[in-house]
Amino acid sequence: MSILALDGYGSGTAANTATATISLVTANAEDVLILASFNDAFDHGPTVDGYPSGGPFGISGIVDTGGLEWTNRTVTSLFIPPVGGLGTGYPNGITLEVWWAFSAAAYSGTLTVTYANDVDNIALVAFGVTGAGNPRSPWDVNASLPAPTTSVIGTFDTPLANTSGFSTTAPNSFIFLVGGTSDGEF
């Protein structure tokens, strides 16, 4: 059984835009690469089709200078009503996404992530995982995964995500949790 290990890490932020970039370098071949995106869009007007006007705010494309094709793993979008003087009563949207790619060789590249619309704050984290038994199909088959946040409790200033009830089936799993703050930070 291979030992799963972190292989490279990058992070980046952007504000008031629809694009952000992040660089990643790994040392090993046969890696699973992960990109996590967290963004927020505050006070973008009344809702249209369940999103604040100007939304949705998710990723619409990824251009990779390393030539890899990225696949979406999961998207979670939640809306929090503004309090404490922020906004004018319109909902505030937060979106968390996880994308992945397989890299046959050691990887070095920059990702340009494009969003469907301008967002207020963007935080990106990318990392490689080496040692996966099947890096071309790395995900645990357990039906509880991925386990996205289904609700946010608390206030705008101190939201608490509710994620529970997941387990793994594979005997050798690399478990990671991705979350963010109302300021578009991980």
# chains A, B, ... in the order shown; residues from 1 in each chain; ligands from 1
$ residues_around --residues "segment 97-102 of chain A" --least-positions-apart "5" --cutoff "10 Å" --atoms "only C-alpha atoms" --output "NGL selection string"
:A and (29-39 or 58-59 or 62 or 68-77 or 107 or 124-129 or 134-138 or 146 or 148 or 178-179)
$ residues_around --residues "Leu24 of chain A" --least-positions-apart "6" --cutoff "7 Å" --atoms "only C-alpha atoms" --output "JSON, numbers by chain"
{"A": [8, 9, 10, 108, 109, 110, 126, 127]}
$ closest_residue --among "A:Val113, A:Leu177, A:Ala106, A:Ala5" --to "Asn28 of chain A" --atoms "only C-alpha atoms"
A:Ala106
$ residues_around --residues "Asp140 of chain A" --least-positions-apart "2" --cutoff "7 Å" --atoms "only C-alpha atoms" --output "number ranges by chain"
A: 138, 142, 168-170
$ atom_distance --atom1 "atom CA of Asp7 of chain A" --atom2 "atom CA of Tyr115 of chain A"
26.6 Å
$ closest_residue --among "A:Leu96, A:Ala41, A:Ala105, A:Ala27" --to "Gly67 of chain A" --atoms "only C-alpha atoms"
A:Ala105
